[in-house]
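Enquirer: Structure file entry39.pdb, PDB, C-alpha atoms, is pasted below:
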```pdb
ATOM      1  CA  LYS C1327     -32.873  27.306 -76.494
ATOM      2  CA  ASN C1328     -30.284  29.991 -75.805
ATOM      3  CA  ASN C1329     -27.085  29.892 -77.821
ATOM      4  CA  TYR C1330     -24.056  31.011 -75.851
ATOM      5  CA  PHE C1331     -20.406  31.112 -76.780
ATOM      6  CA  TYR C1332     -17.392  30.511 -74.599
ATOM      7  CA  ILE C1333     -13.968  32.153 -74.927
ATOM      8  CA  TYR C1334     -11.010  30.173 -73.624
ATOM      9  CA  ASP C1335      -9.626  32.393 -70.875
ATOM     10  CA  THR C1336      -7.606  30.277 -68.451
ATOM     11  CA  GLY C1337      -3.956  29.307 -68.209
ATOM     12  CA  TYR C1338      -1.758  30.094 -71.191
ATOM     13  CA  TRP C1339      -4.765  31.155 -73.258
ATOM     14  CA  VAL C1340      -4.448  34.538 -71.540
ATOM     15  CA  ASN C1341      -0.948  35.021 -72.964
ATOM     16  CA  ILE C1342      -2.055  34.020 -76.446
ATOM     17  CA  SER C1343      -5.102  36.296 -76.451
ATOM     18  CA  VAL C1344      -3.004  39.439 -75.856
ATOM     19  CA  ALA C1345       0.148  38.457 -77.768
ATOM     20  CA  SER C1346      -0.565  40.929 -80.562
ATOM     21  CA  LEU C1347      -0.530  43.819 -78.079
ATOM     22  CA  TYR C1348       3.192  43.421 -77.433
ATOM     23  CA  LYS C1349       6.216  43.793 -79.662
ATOM     24  CA  ARG C1350       8.000  40.632 -80.649
ATOM     25  CA  ASP C1351      10.300  42.546 -82.967
ATOM     26  CA  PRO C1352      11.938  45.808 -81.789
ATOM     27  CA  ASN C1353      10.809  47.491 -85.022
ATOM     28  CA  GLU C1354       7.250  46.200 -84.885
ATOM     29  CA  ARG C1355       4.447  48.780 -85.170
ATOM     30  CA  LEU C1356       1.463  48.380 -82.842
ATOM     31  CA  ASP C1357      -0.587  51.464 -83.717
ATOM     32  CA  ASN C1358      -3.097  49.327 -85.633
ATOM     33  CA  GLN C1359      -4.033  47.663 -82.334
ATOM     34  CA  LEU C1360      -5.253  50.926 -80.809
ATOM     35  CA  ASN C1361      -8.912  51.268 -79.801
ATOM     36  CA  ASN C1362      -9.504  47.521 -79.745
ATOM     37  CA  GLY C1363      -8.395  47.083 -83.337
ATOM     38  CA  ALA C1364     -10.145  50.137 -84.790
ATOM     39  CA  GLY C1365      -6.738  51.771 -85.083
ATOM     40  CA  PRO C1366      -5.711  55.425 -84.622
ATOM     41  CA  LEU C1367      -8.582  57.857 -84.133
ATOM     42  CA  VAL C1368      -9.262  60.302 -86.972
ATOM     43  CA  ASN C1369     -12.475  62.014 -85.851
ATOM     44  CA  ILE C1370     -14.466  60.819 -82.846
ATOM     45  CA  SER C1371     -17.689  62.668 -83.721
ATOM     46  CA  SER C1372     -17.843  61.072 -87.163
ATOM     47  CA  GLY C1373     -16.666  57.667 -85.924
ATOM     48  CA  ALA C1374     -13.666  57.761 -88.252
ATOM     49  CA  TYR C1375     -10.580  55.666 -87.518
ATOM     50  CA  HIS C1376      -7.613  54.549 -89.559
ATOM     51  CA  THR C1377      -8.461  50.855 -89.490
ATOM     52  CA  ASP C1378      -6.048  48.297 -90.882
ATOM     53  CA  GLN C1379      -7.443  45.458 -92.975
ATOM     54  CA  TYR C1380      -5.845  42.770 -90.795
ATOM     55  CA  GLN C1381      -7.492  43.736 -87.485
ATOM     56  CA  LEU C1382     -10.523  41.483 -87.847
ATOM     57  CA  PHE C1383      -9.564  39.425 -84.788
ATOM     58  CA  SER C1384      -9.260  42.389 -82.426
ATOM     59  CA  MET C1385     -12.503  43.953 -83.584
ATOM     60  CA  ILE C1386     -14.419  40.725 -83.000
ATOM     61  CA  TYR C1387     -12.601  39.516 -79.890
ATOM     62  CA  TYR C1388     -12.885  42.668 -77.757
ATOM     63  CA  ARG C1389     -16.561  43.029 -78.596
ATOM     64  CA  ALA C1390     -17.147  39.353 -77.840
ATOM     65  CA  LEU C1391     -15.695  39.804 -74.356
ATOM     66  CA  LYS C1392     -18.606  42.162 -73.547
ATOM     67  CA  ASP C1393     -21.336  40.376 -75.480
ATOM     68  CA  TYR C1394     -24.356  39.257 -73.460
ATOM     69  CA  ARG C1395     -24.264  35.890 -75.238
ATOM     70  CA  ARG C1396     -20.882  35.063 -73.775
ATOM     71  CA  THR C1397     -20.935  32.485 -71.002
ATOM     72  CA  LEU C1398     -18.221  31.745 -68.471
ATOM     73  CA  ASP C1399     -19.475  28.158 -68.185
ATOM     74  CA  PRO C1400     -18.230  26.068 -71.126
ATOM     75  CA  SER C1401     -20.868  23.414 -70.472
ATOM     76  CA  LYS C1402     -23.517  25.951 -71.519
ATOM     77  CA  ALA C1403     -21.772  26.965 -74.734
ATOM     78  CA  THR C1404     -22.739  25.913 -78.239
ATOM     79  CA  THR C1405     -19.782  27.738 -79.807
ATOM     80  CA  PHE C1406     -16.190  28.202 -78.675
ATOM     81  CA  LEU C1407     -14.110  31.213 -79.723
ATOM     82  CA  ILE C1408     -10.387  30.530 -79.999
ATOM     83  CA  PRO C1409      -8.619  33.671 -78.646
ATOM     84  CA  TYR C1410      -5.737  33.570 -81.101
ATOM     85  CA  ASP C1411      -4.846  36.371 -83.506
ATOM     86  CA  PHE C1412      -3.749  34.249 -86.439
ATOM     87  CA  ALA C1413      -3.154  37.274 -88.678
ATOM     88  CA  THR C1414      -0.525  38.979 -86.516
ATOM     89  CA  ASP C1415       1.078  35.650 -85.672
ATOM     90  CA  ALA C1416       1.637  35.061 -89.378
ATOM     91  CA  ALA C1417       2.714  38.572 -90.417
ATOM     92  CA  TYR C1418       3.160  42.064 -89.004
ATOM     93  CA  TYR C1419       4.001  45.662 -89.863
ATOM     94  CA  LYS C1420       7.360  47.088 -88.904
ATOM     95  CA  ASN C1421       9.477  50.185 -89.375
ATOM     96  CA  CYS C1422      11.845  49.678 -92.277
ATOM     97  CA  GLN C1423      15.293  50.812 -91.263
ATOM     98  CA  LYS C1424      16.619  51.309 -94.798
ATOM     99  CA  THR C1425      13.691  53.266 -96.223
ATOM    100  CA  ALA C1426      12.396  54.866 -92.987
ATOM    101  CA  GLY C1427       8.976  53.632 -94.051
ATOM    102  CA  VAL C1428       6.602  50.848 -93.144
ATOM    103  CA  CYS C1429       6.897  47.329 -94.501
ATOM    104  CA  TYR C1430       5.625  43.842 -93.864
ATOM    105  CA  ASP C1431       7.430  40.891 -92.372
ATOM    106  CA  PHE C1432       6.435  37.300 -91.623
ATOM    107  CA  ARG C1433       6.413  35.313 -88.389
ATOM    108  CA  LYS C1434       5.271  31.870 -89.582
ATOM    109  CA  CYS C1435       2.806  31.283 -86.724
ATOM    110  CA  PRO C1436       5.175  30.619 -83.789
ATOM    111  CA  LEU C1437       2.229  30.432 -81.336
ATOM    112  CA  ALA C1438       0.260  27.937 -83.403
ATOM    113  CA  PRO C1439       1.830  24.802 -81.812
ATOM    114  CA  LYS C1440       0.804  26.046 -78.347
ATOM    115  CA  VAL C1441      -2.718  26.745 -79.610
ATOM    116  CA  GLU C1442      -2.885  23.180 -80.930
ATOM    117  CA  GLU C1443      -1.598  21.804 -77.633
ATOM    118  CA  LEU C1444      -4.219  23.704 -75.643
ATOM    119  CA  LEU C1445      -7.037  22.687 -77.964
ATOM    120  CA  LEU C1446      -6.093  19.015 -77.898
ATOM    121  CA  ALA C1447      -6.007  19.154 -74.091
ATOM    122  CA  SER C1448      -9.483  20.681 -73.915
ATOM    123  CA  PRO C1449     -12.412  18.291 -73.341
ATOM    124  CA  TRP C1450     -14.642  20.832 -75.094
ATOM    125  CA  TYR C1451     -12.529  20.645 -78.219
ATOM    126  CA  ARG C1452     -12.354  16.845 -78.084
ATOM    127  CA  ARG C1453     -16.124  16.629 -77.706
ATOM    128  CA  ASN C1454     -16.685  17.564 -81.356
ATOM    129  CA  TYR C1455     -13.075  17.898 -82.544
ATOM    130  CA  GLY C1456     -13.442  21.526 -83.499
ATOM    131  CA  HIS C1457     -16.774  21.461 -85.304
ATOM    132  CA  ASP C1458     -18.158  23.971 -82.791
ATOM    133  CA  HIS C1459     -14.991  26.114 -82.624
ATOM    134  CA  LEU C1460     -14.373  29.446 -84.369
ATOM    135  CA  LEU C1461     -10.931  30.564 -85.560
ATOM    136  CA  ILE C1462     -10.608  34.140 -86.836
ATOM    137  CA  VAL C1463      -7.986  34.004 -89.571
ATOM    138  CA  GLY C1464      -8.495  37.698 -90.289
ATOM    139  CA  MET C1465      -6.275  38.191 -93.327
ATOM    140  CA  ASN C1466      -6.439  37.844 -97.078
ATOM    141  CA  TYR C1467      -3.112  36.288 -97.908
ATOM    142  CA  ALA C1468      -2.783  33.751-100.665
ATOM    143  CA  MET C1469      -2.962  30.193 -99.402
ATOM    144  CA  ASP C1470       0.738  29.624-100.039
ATOM    145  CA  HIS C1471       1.438  31.914 -97.064
ATOM    146  CA  TYR C1472      -0.335  29.296 -94.959
ATOM    147  CA  ILE C1473       0.372  25.913 -96.475
ATOM    148  CA  LEU C1474       4.081  26.601 -97.082
ATOM    149  CA  LYS C1475       4.580  27.421 -93.399
ATOM    150  CA  PRO C1476       4.429  24.178 -91.401
ATOM    151  CA  LYS C1477       3.161  25.673 -88.128
ATOM    152  CA  CYS C1478       0.398  27.639 -89.843
ATOM    153  CA  LYS C1479      -0.595  24.654 -91.956
ATOM    154  CA  SER C1480      -0.629  22.252 -89.022
ATOM    155  CA  LEU C1481      -3.211  24.329 -87.197
ATOM    156  CA  LEU C1482      -5.414  25.126 -90.205
ATOM    157  CA  ALA C1483      -5.316  21.768 -91.959
ATOM    158  CA  GLY C1484      -4.682  19.599 -88.915
ATOM    159  CA  THR C1485      -5.975  20.354 -85.435
ATOM    160  CA  CYS C1486      -8.439  23.022 -86.623
ATOM    161  CA  ARG C1487      -9.488  21.357 -89.868
ATOM    162  CA  ASN C1488     -13.056  21.119 -88.557
ATOM    163  CA  CYS C1489     -13.111  24.619 -87.065
ATOM    164  CA  THR C1490     -15.057  27.406 -88.715
ATOM    165  CA  LYS C1491     -12.450  29.714 -90.238
ATOM    166  CA  PHE C1492     -13.532  33.345 -90.527
ATOM    167  CA  ALA C1493     -11.394  35.168 -93.083
ATOM    168  CA  ILE C1494     -11.479  38.073 -95.524
ATOM    169  CA  ASP C1495     -10.375  35.770 -98.333
ATOM    170  CA  ASP C1496      -8.236  32.685 -98.816
ATOM    171  CA  TYR C1497      -7.159  33.210-102.448
ATOM    172  CA  SER C1498      -7.453  29.485-103.122
ATOM    173  CA  TYR C1499      -8.342  30.343-106.738
ATOM    174  CA  MET C1500      -4.735  31.346-107.359
ATOM    175  CA  TYR C1501      -3.811  27.666-107.519
ATOM    176  CA  SER C1502      -4.472  25.659-110.664
ATOM    177  CA  GLY C1503      -7.458  23.337-110.631
ATOM    178  CA  ASP C1504      -8.550  22.258-107.163
ATOM    179  CA  ALA C1505      -5.097  22.471-105.579
ATOM    180  CA  GLY C1506      -5.912  25.590-103.579
ATOM    181  CA  ILE C1507      -9.281  24.299-102.413
ATOM    182  CA  ASN C1508      -7.796  20.970-101.338
ATOM    183  CA  ALA C1509      -4.980  22.693 -99.463
ATOM    184  CA  ARG C1510      -7.398  25.102 -97.825
ATOM    185  CA  GLY C1511      -9.723  22.476 -96.407
ATOM    186  CA  ASP C1512     -13.332  23.054 -95.389
ATOM    187  CA  PHE C1513     -15.441  25.391 -93.256
ATOM    188  CA  TRP C1514     -14.133  28.743 -94.484
ATOM    189  CA  HIS C1515     -16.439  31.756 -94.398
ATOM    190  CA  ALA C1516     -15.728  35.140 -95.950
ATOM    191  CA  ALA C1517     -15.922  38.467 -94.129
ATOM    192  CA  PRO C1518     -15.769  41.951 -95.679
ATOM    193  CA  PHE C1519     -12.761  44.168 -95.168
ATOM    194  CA  PRO C1520     -13.082  46.146 -91.909
ATOM    195  CA  ALA C1521     -14.482  49.637 -92.355
ATOM    196  CA  ASP C1522     -12.964  52.883 -91.094
ATOM    197  CA  PHE C1523     -16.282  53.789 -89.430
ATOM    198  CA  HIS C1524     -16.920  52.521 -85.897
ATOM    199  CA  TRP C1525     -20.002  53.348 -83.901
ATOM    200  CA  SER C1526     -19.781  54.841 -80.409
ATOM    201  CA  SER C1527     -21.860  57.131 -78.191
ATOM    202  CA  HIS C1528     -19.656  60.021 -79.382
ATOM    203  CA  VAL C1529     -20.798  59.790 -83.005
ATOM    204  CA  THR C1530     -23.059  62.672 -83.994
ATOM    205  CA  ARG C1531     -25.485  63.137 -86.846
ATOM    206  CA  PRO C1532     -25.577  63.153 -89.748
ATOM    207  CA  TYR C1533     -24.305  59.594 -89.767
ATOM    208  CA  PRO C1534     -22.227  58.589 -92.808
ATOM    209  CA  TRP C1535     -25.169  56.876 -94.475
ATOM    210  CA  GLU C1536     -27.341  59.958 -93.962
ATOM    211  CA  ASN C1537     -24.962  62.353 -95.711
ATOM    212  CA  THR C1538     -26.505  63.293 -99.072
ATOM    213  CA  ASP C1539     -23.701  65.659-100.076
ATOM    214  CA  ARG C1540     -21.756  63.185-102.181
ATOM    215  CA  PRO C1541     -20.408  64.895-105.289
ATOM    216  CA  ILE C1542     -18.078  61.959-105.972
ATOM    217  CA  ILE C1543     -20.193  58.891-106.662
ATOM    218  CA  VAL C1544     -17.356  56.380-107.065
ATOM    219  CA  SER C1545     -13.675  56.617-106.255
ATOM    220  CA  TYR C1546     -10.838  54.139-106.561
ATOM    221  CA  VAL C1547      -7.397  54.260-105.002
ATOM    222  CA  GLY C1548      -5.049  51.446-105.862
ATOM    223  CA  SER C1549      -2.706  49.908-108.371
ATOM    224  CA  GLN C1550      -3.519  48.394-111.743
ATOM    225  CA  ARG C1551      -1.048  45.629-111.016
ATOM    226  CA  SER C1552      -2.574  42.313-110.041
ATOM    227  CA  TYR C1553      -1.674  38.676-110.544
ATOM    228  CA  TYR C1554      -5.349  37.861-111.028
ATOM    229  CA  GLY C1555      -6.537  38.515-114.596
ATOM    230  CA  PRO C1556     -10.152  39.607-113.898
ATOM    231  CA  ALA C1557      -8.981  41.978-111.143
ATOM    232  CA  ARG C1558      -6.343  43.456-113.418
ATOM    233  CA  ARG C1559      -8.892  44.102-116.177
ATOM    234  CA  LEU C1560     -11.379  45.618-113.737
ATOM    235  CA  ARG C1561      -8.781  47.947-112.254
ATOM    236  CA  GLY C1562      -7.636  48.963-115.712
ATOM    237  CA  SER C1563     -11.156  49.842-116.769
ATOM    238  CA  ILE C1564     -11.651  52.025-113.667
TER     239      ILE C1564
END
```
Represent the supplied structure as structure tokens.
Expert:
Amino acid sequence: KNNYFYIYDTGYWVNISVASLYKRDPNERLDNQLNNGAGPLVNISSGAYHTDQYQLFSMIYYRALKDYRRTLDPSKATTFLIPYDFATDAAYYKNCQKTAGVCYDFRKCPLAPKVEELLLASPWYRRNYGHDHLLIVGMNYAMDHYILKPKCKSLLAGTCRNCTKFAIDDYSYMYSGDAGINARGDFWHAAPFPADFHWSSHVTRPYPWENTDRPIIVSYVGSQRSYYGPARRLRGSI
């Protein structure tokens, strides 16, 4: 049996699927959306891009549009991809006017109610109430960024409680006991942080994994500050 997936692509779904390509704040930065989420190009022959960690949706969605397993007939689909960039609807980068730098701001999922409305109106959603639907969360915020924002929480813990949630992390462990796990709900699956390497026909050899000239075996760039004890100790030891 062939397994096909369907991407909602009619009506207002079109607006939702491309919402992250347009500014909703005059100071919003969109350079991370370049090259279908790979970000600004660094070196085309080495496949190097400046890829932001929150572009998981774009990198999956634009590849899925061209995938041979995609079907345009929902009756043939075993999986349904929800074309909603949860990450950029919850938070975004912008130019900071005071510091002339880049900072983060929060949107609180303004499109989530429309996503819920469209899902509840879909006979394909109602068939299994989301058990065969995929939502790309695409960010590693602590769960309080979700559950303390009513629109975000309603989608994750309500309409899409049965959906498979694909995320870098959910940080549910930052809550005492089982509070974070209970707030998170079920059907979460972890994904690694997006890499800066992206394959294309322009990439030439040697490929990154073939390069044996590696004088630096391990490197670490980051802060020793962390709210999570084990992470803080690990960073300190490095």
Enquirer: How many Å lie between atom CA of C:Asp1357 and atom CA of C:Tyr1418, rounded to one decimal?
Expert: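 Between these atoms lies a distance of 11.4 Å.
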Enquirer: Just say which residues the PyMOL selection byres ((chain C and resi 1462) around 12) picks in this file, as a ChimeraX atom specification.
Expert: /C:1343,1380-1387,1406-1415,1459-1461,1463-1466,1482,1486,1489-1495,1513-1517
Enquirer: Limited to C-alpha atoms, could you put the picked residues into a file as an mmCIF file, in the frame of the given file?
Expert:
```cif
data_model
loop_
_atom_site.group_PDB
_atom_site.id
_atom_site.type_symbol
_atom_site.label_atom_id
_atom_site.label_comp_id
_atom_site.auth_asym_id
_atom_site.auth_seq_id
_atom_site.Cartn_x
_atom_site.Cartn_y
_atom_site.Cartn_z
ATOM 1 C CA SER C 1343 -5.102 36.296 -76.451
ATOM 2 C CA TYR C 1380 -5.845 42.770 -90.795
ATOM 3 C CA GLN C 1381 -7.492 43.736 -87.485
ATOM 4 C CA LEU C 1382 -10.523 41.483 -87.847
ATOM 5 C CA PHE C 1383 -9.564 39.425 -84.788
ATOM 6 C CA SER C 1384 -9.260 42.389 -82.426
ATOM 7 C CA MET C 1385 -12.503 43.953 -83.584
ATOM 8 C CA ILE C 1386 -14.419 40.725 -83.000
ATOM 9 C CA TYR C 1387 -12.601 39.516 -79.890
ATOM 10 C CA PHE C 1406 -16.190 28.202 -78.675
ATOM 11 C CA LEU C 1407 -14.110 31.213 -79.723
ATOM 12 C CA ILE C 1408 -10.387 30.530 -79.999
ATOM 13 C CA PRO C 1409 -8.619 33.671 -78.646
ATOM 14 C CA TYR C 1410 -5.737 33.570 -81.101
ATOM 15 C CA ASP C 1411 -4.846 36.371 -83.506
ATOM 16 C CA PHE C 1412 -3.749 34.249 -86.439
ATOM 17 C CA ALA C 1413 -3.154 37.274 -88.678
ATOM 18 C CA THR C 1414 -0.525 38.979 -86.516
ATOM 19 C CA ASP C 1415 1.078 35.650 -85.672
ATOM 20 C CA HIS C 1459 -14.991 26.114 -82.624
ATOM 21 C CA LEU C 1460 -14.373 29.446 -84.369
ATOM 22 C CA LEU C 1461 -10.931 30.564 -85.560
ATOM 23 C CA VAL C 1463 -7.986 34.004 -89.571
ATOM 24 C CA GLY C 1464 -8.495 37.698 -90.289
ATOM 25 C CA MET C 1465 -6.275 38.191 -93.327
ATOM 26 C CA ASN C 1466 -6.439 37.844 -97.078
ATOM 27 C CA LEU C 1482 -5.414 25.126 -90.205
ATOM 28 C CA CYS C 1486 -8.439 23.022 -86.623
ATOM 29 C CA CYS C 1489 -13.111 24.619 -87.065
ATOM 30 C CA THR C 1490 -15.057 27.406 -88.715
ATOM 31 C CA LYS C 1491 -12.450 29.714 -90.238
ATOM 32 C CA PHE C 1492 -13.532 33.345 -90.527
ATOM 33 C CA ALA C 1493 -11.394 35.168 -93.083
ATOM 34 C CA ILE C 1494 -11.479 38.073 -95.524
ATOM 35 C CA ASP C 1495 -10.375 35.770 -98.333
ATOM 36 C CA PHE C 1513 -15.441 25.391 -93.256
ATOM 37 C CA TRP C 1514 -14.133 28.743 -94.484
ATOM 38 C CA HIS C 1515 -16.439 31.756 -94.398
ATOM 39 C CA ALA C 1516 -15.728 35.140 -95.950
ATOM 40 C CA ALA C 1517 -15.922 38.467 -94.129
#
```
Enquirer: Which residue gives the smallest distance to C:Ser1371 among C:Thr1538, C:Thr1530, C:Asn1353, C:Ser1480, with all atoms listed in the file counted?
Expert: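 Counting all atoms listed in the file, the residue closest to C:Ser1371 is C:Thr1530.
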Enquirer: State, in Å with one decimal place, the distance from atom CA of C:Gly1484 to atom CA of C:Trp1450.
Expert: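 A separation of 17.1 Å between them.
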Enquirer: Considering only C-alpha atoms, state which residue in the set C:Asn1537, C:Ser1448, C:Asn1488, C:Asn1421 is at the smallest distance from C:Leu1356.
Expert: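 Using only C-alpha atoms, C:Leu1356 sits closest to C:Asn1421.
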Enquirer: Using all atoms listed in the file, pick whichever of C:Phe1432, C:Pro1518, C:Asp1504, C:Asp1399 has the shortest atom-to-atom distance to C:Tyr1419.
Expert: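 Distance minimum relative to C:Tyr1419 lands on C:Phe1432.
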Enquirer: Select, from C:Gly1511, C:Tyr1451, C:Tyr1533, C:Ala1416, the residue with the minimum atom-to-atom distance to C:Lys1477, counting all atoms listed in the file.
Expert: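 Smallest separation from C:Lys1477 among the options: C:Ala1416.
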Enquirer: For each of C:Ala1483, C:Arg1350, C:Pro1541, C:Pro1449, take the minimum atom-to-atom distance to C:Asp1512, counting only C-alpha atoms, then give the residue where this is smallest.
Expert: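 Of C:Ala1483, C:Arg1350, C:Pro1541, C:Pro1449, the one nearest C:Asp1512 is C:Ala1483, counting only C-alpha atoms.
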Enquirer: Enter the distance from atom CA of C:Tyr1332 to atom CA of C:Arg1396, in Å, rounded to one decimal.
Expert: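 One can read the atom CA of C:Tyr1332 to atom CA of C:Arg1396 distance as 5.8 Å.
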Enquirer: Enumerate, as a PyMOL selection string, the protein, DNA and RNA residues whose atoms approach (-10.7, 59.0, -81.8) to within 12 Å, taking into account only C-alpha atoms and the coordinate frame of the file.
Expert: chain C and resi 1360-1362+1364-1377+1522-1529
Enquirer: Could you take the residues named above and write them with C-alpha atoms, as a PDB file, in the frame of the given file?
Expert:
```
ATOM      1  CA  LEU C1360      -5.253  50.926 -80.809  1.00  0.00           C
ATOM      2  CA  ASN C1361      -8.912  51.268 -79.801  1.00  0.00           C
ATOM      3  CA  ASN C1362      -9.504  47.521 -79.745  1.00  0.00           C
ATOM      4  CA  ALA C1364     -10.145  50.137 -84.790  1.00  0.00           C
ATOM      5  CA  GLY C1365      -6.738  51.771 -85.083  1.00  0.00           C
ATOM      6  CA  PRO C1366      -5.711  55.425 -84.622  1.00  0.00           C
ATOM      7  CA  LEU C1367      -8.582  57.857 -84.133  1.00  0.00           C
ATOM      8  CA  VAL C1368      -9.262  60.302 -86.972  1.00  0.00           C
ATOM      9  CA  ASN C1369     -12.475  62.014 -85.851  1.00  0.00           C
ATOM     10  CA  ILE C1370     -14.466  60.819 -82.846  1.00  0.00           C
ATOM     11  CA  SER C1371     -17.689  62.668 -83.721  1.00  0.00           C
ATOM     12  CA  SER C1372     -17.843  61.072 -87.163  1.00  0.00           C
ATOM     13  CA  GLY C1373     -16.666  57.667 -85.924  1.00  0.00           C
ATOM     14  CA  ALA C1374     -13.666  57.761 -88.252  1.00  0.00           C
ATOM     15  CA  TYR C1375     -10.580  55.666 -87.518  1.00  0.00           C
ATOM     16  CA  HIS C1376      -7.613  54.549 -89.559  1.00  0.00           C
ATOM     17  CA  THR C1377      -8.461  50.855 -89.490  1.00  0.00           C
ATOM     18  CA  ASP C1522     -12.964  52.883 -91.094  1.00  0.00           C
ATOM     19  CA  PHE C1523     -16.282  53.789 -89.430  1.00  0.00           C
ATOM     20  CA  HIS C1524     -16.920  52.521 -85.897  1.00  0.00           C
ATOM     21  CA  TRP C1525     -20.002  53.348 -83.901  1.00  0.00           C
ATOM     22  CA  SER C1526     -19.781  54.841 -80.409  1.00  0.00           C
ATOM     23  CA  SER C1527     -21.860  57.131 -78.191  1.00  0.00           C
ATOM     24  CA  HIS C1528     -19.656  60.021 -79.382  1.00  0.00           C
ATOM     25  CA  VAL C1529     -20.798  59.790 -83.005  1.00  0.00           C
TER      26      VAL C1529
END
```
Enquirer: With distances taken over all atoms listed in the file, which residue among C:Asp1378, C:Asp1393, C:Asp1351, C:Asp1458 lies nearest C:Arg1487?
Expert: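 Ranked by minimum distance to C:Arg1487, first place goes to C:Asp1458.
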Enquirer: Skipping near chain neighbours, those fewer than 4 positions away, what residues fall within 10 Å of C:Leu1398 using all atoms listed in the file, listed as a list in words?
Expert: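 Final neighbour list, sorted by chain and number: Tyr1330, Phe1331, Tyr1332, Ile1333, Tyr1334, Asp1335, Lys1402 and Ala1403 of chain C.
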Enquirer: Could you spell out the hits of the PyMOL selection byres ((chain C and resi 1342) around 9) on the shown file, as a PyMOL selection string?
Expert: chain C and resi 1338-1341+1343-1346+1409-1411+1437+1440-1441
Enquirer: Can you tell me, as an NGL selection string, what residues are no more than 8 Å from C:Thr1485 when counting all atoms listed in the file, ignoring any on the same chain fewer than 5 positions away?
Expert: :C and (1442 or 1445-1446 or 1456 or 1480)
